[in-house]
Every structure is written in C-alpha cells, then in structure tokens.
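What follows is a set of notes on a single structure, which appears directly below.
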Amino acid sequence: DINPNSVKICRLRLWIELLKNTYYTPESNYTELETLPNIDINIKCGNSLISRYPLDANLKLALKSSKWSIESYRLAISTYRNTNDKNIKREMEKLILHIKQDFTSEIRRNDPLKSRMDKLANELYNRFTGNFLFEHEEQYNKKGDDLNKKRKKEQQKLEAEIKELTQKIEEIKNSKIFENAFEWRFEFPEVLDDNGDFVGFDVVIGNPPYIDLKGLDNNLVNYIFSNYPTSSNRVNLYSTFVEKAFSLLRNEGLFSFIMPNSILMGSSYQNLRNLIKKGIYGIIKLPEKVFEDATVETVIIEFQKDKQFDYCNTLAYKKNDKVTELDINFKYLVSKKSWEIYSEPKFNIYISDDILKPLSKIHGKGKRLEEIADFTLGITPYDRYKGHSKEIIENKEFHSDIAISDDYKPLIKGENIVPYHIDDKVNGFIKYGSWLGAPREERFFIEPRVIVRQIVSGKPPKIFAGFTDNALYFTQIGFAIIPKSDITVFELTALLNSKLINFYHKYLFLDIEKELFQKILIENCKLFPCIPYVDKNKVKEIIEKIIKEKLTNPDADTTEFEEQLDKMTYQLYDLTEEEIAIIENSVK
C-alpha cells in the first residue's frame with residue numbers, strides 16, 4: 001500500500017491473527033507453542049505501479065559484482081519468516097536491507113542510460129575534447145574549413161545526446177513520482193530465478209483503487225501513459241493495476257480482481273480487454289452497493305495468464321440482491337465468439353448460444369447504418385470553453401418561452417419523441433446560431449429525418465425513434481439521422497422501431513440487469529446492420545397509417561401495423577422461424 005499507516009495497521013491486524021492462531025503442538029505433549037511464520041515482511045509500503053527498474057532489467061552484471069546471490073537473499077527472507085528469536089529477526093532485517101541496497105547500487109552502475117552516456121562521453125573526449133599528441137586524420141576527403149565544420153557538427157550532436165541522457169537520468173533520480181517507487185524484484189526474491197530473471201507470482205488477488213486519471217498529478221499520468229500500453233483515453237486507475245498484475249504473473253499464473261464493471265464494455269478499456277481476453281475464465285457481476293462507501297457497480301474478473309479458454313463462466317446477481325457470501329457455482333457458460341461480434345472485443349456476459357445464433361446472422365447482414373445515413377447529436381446550447389460566461393449559462397440566455405425574433409426556433413423535449421413519429425408540441429424556443437456551444441448543421445432540424453430519443457424506455461427497454469419533416473430543434477435529449485440514397489426515411493423509421501433491431505441493441509449494447517436510464521448511444525446506432533426494404537412504398541404506407549392513428553389518438557393500438565413491419569424486417573435478414581421466436585421472446 002502507498003499509505004504507510006495502512007501498512008502499519010495491516011501488520012498489526014496480521015500480528016493479532018497470528019497470535020489468535022498460535023497453538024500447542026501434539027508432538028510436545030501440548031507443552032510447546034507452534035506459531036505461524038513471520039510473514040509481516042510481506043506487507044510492503046510503496047507505489048506498486050511505479051518502479052525505477054523494469055521487471056526485465058538484467059541483473060546478471062549486478063549479481064556478478066555483488067557478494068550476494070539470489071539464493072542468499074532468499075535464505076535471509078526465509079530465516080526471518082521462520083525464526084522465533086528476536087535477535088536473529090533483527091539481524092535478518094539488517095541483512096535484507098543491506099542486500100537490497102547492494103543490488104540497487106550495482107543495477108544503477110549498469111543502468112543502460114548511464115552506460116550509453118558513459119560511452120558517448122568517452123567518444124566525445126577521445127575524438128574532440130581530449131589532449132591529442134597527433135592531429136586527427138583528414139576524413140571524408142575534406143580539408144580545412146569543410147573538415148572543421150563536419151567535426152563541429154558531429155561534436156554538437158554528441159553533446160546534445162549526452163545532455164539529453166543526463167537530463168533523463170536526473171529526472172528519474174529527482175522525480176517525485178519515484179519517491180515511493182516499488183521494486184518488485186528486490187522486495188520478493190522468491191519470484192526470481194537464480195540468474196535474477198523475473199519469473200512471477202503464482203496468484204495476484206486485489207481490489208484496486210477506483211480513481212479517474214484526470215484527478216491525478218500530471219507527472220504520474222504521463223508516467224502511466226508511457227509505461228502502461230493499455231492506458232488510453234480517460235481510463236480509470238484500476239485498469240492500470242490490472243495491467244501491472246498481468247505483468248507480475250508467472251506463466252499460467254492466476255488473477256482475480258474486483259473492479260468497476262466498465263471493464264466489460266467501456267470503450268476506454270479496449271486495449272486492456274485485448275490483453276486479458278484469451279485467459280478469462282470467470283466473470284461475476286455483483287449487485288449494487290457491495291461497498292458502503294462506493295456507488296460504482298462492480299464485477300469480479302478471473303483469468304489465467306498464457307492460457308486460452310473458448311468459453312467464460314458467468315454469474316450475474318440482480319442489482320438489489322444481498323450478498324454475504326459468493327455463490328461460486330457459475331450459472332452460464334458464454335462463448336467468447338459473441339465478444340468478437342464487436343469491432344473491438346467487449347466482455348458481454350448475457351449472450352447465450354441460443355441468443356448468439358440470430359445475433360450473429362443479423363450482424364453479418366447489410367451495411368452499417370453510418371455508411372448509408374448522416375448523424376448529428378442534439379444542440380449543446382452552452383459551453384464555457386466557447387466563451388459563455390457563468391451568468392449566460394446560469395440564466396440560460398439563449399432559451400425563451402416565446403419566439404422573440406426569427407432567430408428563435410421551436411424546441412422539443414425527450415417526451416415528444418415516441419415510436420414512429422414526433423409530437424410537435426413546442427416546449428419553448430432557443431436562439432439558434434453560431435453563438436451556441438454546438439449548434440450542429442441546421443438541416444438536421446428541418447429536413448425529413450428520424451429523431452432518436454437518448455433514453456430507452458419500457459420493460460424490456462425499447463428504442464424510441466420518430467419520423468418528422470417539421471422544423472423542430474432539440475438539445476442533448478437525442479440525435480437525428482438523415483438517410484442517404486440507399487434507404488428512405490420511412491424505412492429507417494421502421495427498422496429502428498423493429499423488434500429485430502431492439503433485440504440487436506439490447507444484447508450488444510445494453511446492461512440487461514439495469515432497469516432505469518438506459519441509453520442508446522449514437523456510436524452504437526451507427527453500427528446497426530441495415531438492409532433496404534424490398535417494398536419501400538408499402539413501408540411508407542404502413543408508417544403513415546401508424547402516424548395518422550397516433551395523431552388522432554396517442555393511445556391508439558397500432559400493433560397490427562407494427563407486426564406487419566416486423567414481419568417484413570425478419571424477411572430481410574433471412575431468419576428462420578426458430579430464430580424469430582428467440583427474438584420475439586427476448587423483447588417481450
């Protein structure tokens with residue numbers, strides 16, 4: 001732990017447990033105590049993410065120069081653990097510290113950066129700055145000024161590289177981020193072979209900190225991005241600990257962490273998922289409020305390094321379940337083929353083999369919607385980075401209850417967007433123009449289009465996508481789609497409201513256990529597989545009937561028309577009766 005007080009508390013608790021578990025041995029006729037080993041030496045203080053020396057640093061030269069061997073270091077640790085003599089324990093503590101300091105000094109002498117700098121410094125002296133008995137030979141068939149210019153240029157290049165290396169060495173030496181650096185190889189000699197090469201731990205178990213990188217010191221963030229290849233975008237610090245754990249494991253070593261469930265599907269964790277996907281064999285999705293002081297939803301991930309599993313055991317608790325002890329009997333076996341449906345793998349734990357059959361067939365059909373349609377998010381009215389003052393934002397100066405001038409355009413809310421059409425009841429006005437935070441292209445608010453509500457509603461959650469050709473503006477309550485020549489706006493309306501696309505969206509992009517405030521994201525909608533309908537006029541005719549019925553009576557039952565559209569949609573994707581039944585049952 002990076003906090004020394006936490007380390008002290010942990011050692012104290014461990015010591016109490018050791019006392020509680022002390023027992024009399026039967027071999028001594030219950031007259032002598034048997035105590036557990038002194039494993040307090042394994043409770044370390046430091047920043048486990050930061051090391052001055054990489055795990056693959058060569059210790060061979062350091063070992064040759066040192067009077068200590070890895071075996072002697074292991075023996076000192078073993079003696080410390082197993083002795084009951086306080087004097088011996090103190091002596092071993094001193095010896096262990098001395099060995100670590102000796103190894104550190106030797107490694108510093110053999111640091112590749114320092115070796116390179118020494119080599120360049122020698123070259124600089126021997127070629128340019130030393131006291132020479134003879135003049136340098138003429139090179140490159142050049143004489144006089146040309147040779148001097150050439151030599152000066154080479155000298156400057158050497159001096160610049162030496163300066164750069166010197167700065168790097170000093171930065172590492174003096175950088176505050178290395179103050180609590182933790183050297184895994186020095187602290188745990190048991191994970192090294194006799195040559196000092198890192199072998200790794202058998203098991204790594206943990207509950208890493210859940211901290212957004214944007215709140216950390218910039219030097220630490222830069223170090224993480226430079227030294228942890230899976231870090232990208234706005235990752236949470238927990239993912240860095242997962243990568244570190246992976247590097248610490250031996251071949252076929254076991255890993256188990258409890259962490260936020262963003263690891264499963266979050267776009268920022270694609271690199272991390274690629275690193276561990278082959279070896280994952282267990283995922284447990286935990287209920288809400290597992291930790292009293294953390295509201296984040298959590299999962300337990302288990303994997304084995306350098307192993308490949310085609311299936312993953314999964315267990316998903318309901319959000320309100322009370323868990324005092326984990327049920328280790330996994331409920332479902334999920335094929336990892338379902339994870340490969342995505343352009344980048346996601347750990348979807350809800351796709352059974354039955355669901356996978358129609359899902360894979362749908363996924364392989366047609367074109368992506370982004371290929372045949374244009375998209376835009378809703379208007380962002382205010383943005384302090386665009387110069388909007390706090391007063392403008394708080395007073396909502398671009399909003400109005402009435403149309404003050406021609407610049408003011410009618411606004412709708414999310415509740416206006418219903419399946420198949422848009423309720424054109426105006427909910428205020430917005431002063432539309434370049435002064436807005438993000439006004440978007442105006443064609444998305446006036447041309448024939450489909451508006452998709454951001455929040456999906458119902459049980460199960462359903463996409464709300466409505467057609468309109470009225471001039472209606474909206475903010476971040478949804479997004480608009482204008483089809484290109486491949487598909488009509490009515491076909492797009494039918495497709496987005498179909499059971500088939502709702503099925504596809506549910507299993508690929510939603511959290512099935514979550515009941516409220518699920519969203520359809522514009523980046524996911526762009527990936528929907530789309531096929532134009534055969535009878536475009538029929539689709540338009542049915543959509544217009546539904547809209548007419550709903551405008552006359554919002555509660556009108558249009559199930560018959562919707563089922564006609566669903567039947568036409570199933571035919572496009574060449575689904576069997578069995579596959580259709582799976583979809584129908586899944587979106588009831």
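Residue names in the structure tokens use chain letters A, B, ... in the order shown, residue numbers from 1 in each chain, and ligand numbers from 1 in the order shown.
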
Please report, as a tab-separated table, each residue of region 249-279 of chain A lying at most 9 Å from region 188-208 of chain A, together with the nearest pair of atoms and the separation in Å rounded to one decimal; use only C-alpha atoms, and order rows by chain and ascending residue number.
```
residue	atom	partner	partner_atom	distance
A:Leu249	CA	A:Gly200	CA	4.7
A:Arg250	CA	A:Gly200	CA	4.0
A:Asn251	CA	A:Gly200	CA	7.7
A:Glu252	CA	A:Asp202	CA	7.9
A:Gly253	CA	A:Asp202	CA	4.7
A:Leu254	CA	A:Val203	CA	4.7
A:Phe255	CA	A:Val204	CA	4.9
A:Ser256	CA	A:Ile205	CA	4.9
A:Phe257	CA	A:Gly206	CA	4.9
A:Ile258	CA	A:Asn207	CA	5.2
A:Met259	CA	A:Asn207	CA	6.6
```

Each residue of region 488-515 of chain A lying at most 9 Å from region 547-565 of chain A should get a row with its shortest atom-to-atom pair and the distance in Å to one decimal, counting only C-alpha atoms; could you produce that, ordered by chain and increasing number, as CSV?
```
residue,atom,partner,partner_atom,distance
A:Ala494,CA,A:Leu565,CA,6.6
A:Leu495,CA,A:Leu565,CA,8.3
A:Asn497,CA,A:Glu562,CA,8.7
A:Ser498,CA,A:Leu565,CA,7.3
```

Identify, on the basis of only C-alpha atoms, every residue whose closest approach to Ile341 (chain A) does not exceed 9 Å; exclude the query and any residue fewer than 2 positions from it along the same chain; express the result as a short mmCIF file (atom, residue, chain, number, x, y, z; two decimals) with N, CA and C atoms, in the first residue's frame.
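Generated file (out_31.cif):
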```cif
data_model
loop_
_atom_site.label_atom_id
_atom_site.label_comp_id
_atom_site.auth_asym_id
_atom_site.auth_seq_id
_atom_site.Cartn_x
_atom_site.Cartn_y
_atom_site.Cartn_z
N LYS A 337 -17.04 -16.24 -28.75
CA LYS A 337 -17.35 -15.81 -30.12
C LYS A 337 -18.26 -14.58 -30.11
N SER A 338 -19.13 -14.52 -29.10
CA SER A 338 -20.04 -13.36 -29.02
C SER A 338 -19.27 -12.08 -28.76
N TRP A 339 -18.10 -12.18 -28.12
CA TRP A 339 -17.29 -10.99 -27.84
C TRP A 339 -16.65 -10.45 -29.12
N SER A 343 -16.45 -4.59 -33.13
CA SER A 343 -15.22 -4.23 -33.85
C SER A 343 -14.01 -4.36 -32.94
N GLU A 344 -14.20 -4.05 -31.67
CA GLU A 344 -13.21 -4.33 -30.64
C GLU A 344 -13.90 -5.15 -29.57
N PRO A 345 -13.24 -6.19 -29.03
CA PRO A 345 -13.95 -7.09 -28.13
C PRO A 345 -14.52 -6.43 -26.89
N LYS A 346 -15.71 -6.87 -26.53
CA LYS A 346 -16.35 -6.46 -25.28
C LYS A 346 -16.74 -7.72 -24.53
N LEU A 359 -28.29 -13.40 -33.45
CA LEU A 359 -27.48 -12.19 -33.33
C LEU A 359 -26.36 -12.17 -34.37
N SER A 360 -25.68 -13.29 -34.52
CA SER A 360 -24.59 -13.39 -35.50
C SER A 360 -25.12 -13.23 -36.92
N HIS A 363 -25.94 -9.61 -37.50
CA HIS A 363 -24.71 -8.82 -37.52
C HIS A 363 -24.00 -8.90 -38.87
N LEU A 508 -26.31 -6.43 -27.53
CA LEU A 508 -24.95 -5.97 -27.82
C LEU A 508 -24.54 -4.75 -27.02
#
```

**Q.** Counting only C-alpha atoms, the option among A:Arg384, A:Ile580, A:Ile372, A:Ile417 closest to Ile481 (chain A)
**A.** A:Ile372

(Q) Just want the 10 Å neighbourhood of Ile501 (chain A), counted on only C-alpha atoms, with same-chain residues fewer than 6 positions away dropped. Output as a PyMOL selection string. (A) chain A and resi 359+362+462-463+494-495+525+528-530+566+569+583

Closest atom pairs, residues of region 437-515 of chain A within 12 Å of region 386-392 of chain A, only C-alpha atoms, as CSV:
```
residue,atom,partner,partner_atom,distance
A:Gly437,CA,A:Lys386,CA,6.2
A:Ala438,CA,A:Lys386,CA,9.1
A:Pro439,CA,A:Lys386,CA,11.8
```

Would you write out, as a tab-separated table, a table of all residues in region 355-470 of chain A that have an atom no more than 6 Å from an atom of region 516-524 of chain A, listing for each the closest atom pair and the distance in Å to one decimal, considering only C-alpha atoms and ordering rows by chain and rising residue number?
```
residue	atom	partner	partner_atom	distance
A:Gln454	CA	A:Lys519	CA	5.4
A:Ile455	CA	A:Lys519	CA	4.6
A:Val456	CA	A:Lys519	CA	5.5
```

Can those selected residues be exported to a file as a compact mmCIF listing (two decimals), in the first residue's frame so that it contains C-alpha atoms?
```txt
# COMPACT_ATOMS: atom_id res chain seq x y z
CA GLN A 454 -31.42 9.09 -25.93
CA ILE A 455 -33.28 7.33 -23.10
CA VAL A 456 -34.70 3.93 -23.97
```

Q: Mind checking which residues fall within 9 Å of Ile162 (chain A), counting only C-alpha atoms, ignoring those fewer than 5 positions away in the same chain, and posting them as an MDAnalysis selection string?
A: chainID A and resid 116:118 120:121 157 167

Please produce a file of those selected residues containing N, CA and C atoms, as a PDB file, in the first residue's frame.
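Output file out_26.pdb follows:
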```pdb
ATOM      1  N   ARG A 116      25.104   4.106 -21.756  1.00  0.00           N
ATOM      2  CA  ARG A 116      25.099   4.828 -23.031  1.00  0.00           C
ATOM      3  C   ARG A 116      25.754   6.195 -22.878  1.00  0.00           C
ATOM      4  N   MET A 117      25.454   6.877 -21.777  1.00  0.00           N
ATOM      5  CA  MET A 117      26.033   8.205 -21.567  1.00  0.00           C
ATOM      6  C   MET A 117      27.554   8.110 -21.392  1.00  0.00           C
ATOM      7  N   ASP A 118      28.005   7.102 -20.636  1.00  0.00           N
ATOM      8  CA  ASP A 118      29.454   6.924 -20.447  1.00  0.00           C
ATOM      9  C   ASP A 118      30.155   6.663 -21.772  1.00  0.00           C
ATOM     10  N   LEU A 120      29.163   7.601 -24.781  1.00  0.00           N
ATOM     11  CA  LEU A 120      29.182   8.837 -25.567  1.00  0.00           C
ATOM     12  C   LEU A 120      30.191   9.837 -25.008  1.00  0.00           C
ATOM     13  N   ALA A 121      30.302   9.897 -23.670  1.00  0.00           N
ATOM     14  CA  ALA A 121      31.265  10.812 -23.048  1.00  0.00           C
ATOM     15  C   ALA A 121      32.692  10.438 -23.422  1.00  0.00           C
ATOM     16  N   LYS A 157      26.353  17.130 -32.071  1.00  0.00           N
ATOM     17  CA  LYS A 157      25.383  16.033 -31.995  1.00  0.00           C
ATOM     18  C   LYS A 157      25.643  15.161 -30.766  1.00  0.00           C
ATOM     19  N   GLN A 167      19.815  14.673 -18.638  1.00  0.00           N
ATOM     20  CA  GLN A 167      18.533  15.183 -18.148  1.00  0.00           C
ATOM     21  C   GLN A 167      17.600  14.034 -17.767  1.00  0.00           C
TER      22      GLN A 167
END
```

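The space separating CA of Asn271 (chain A) from CA of Ser226 (chain A) comes to 14.3 Å.
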
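Of the residues listed (A:Glu447, A:Asp1, A:Asp321, A:Asp40), A:Asp40 shows the shortest atom-to-atom separation from Leu14 (chain A); distances use only C-alpha atoms.
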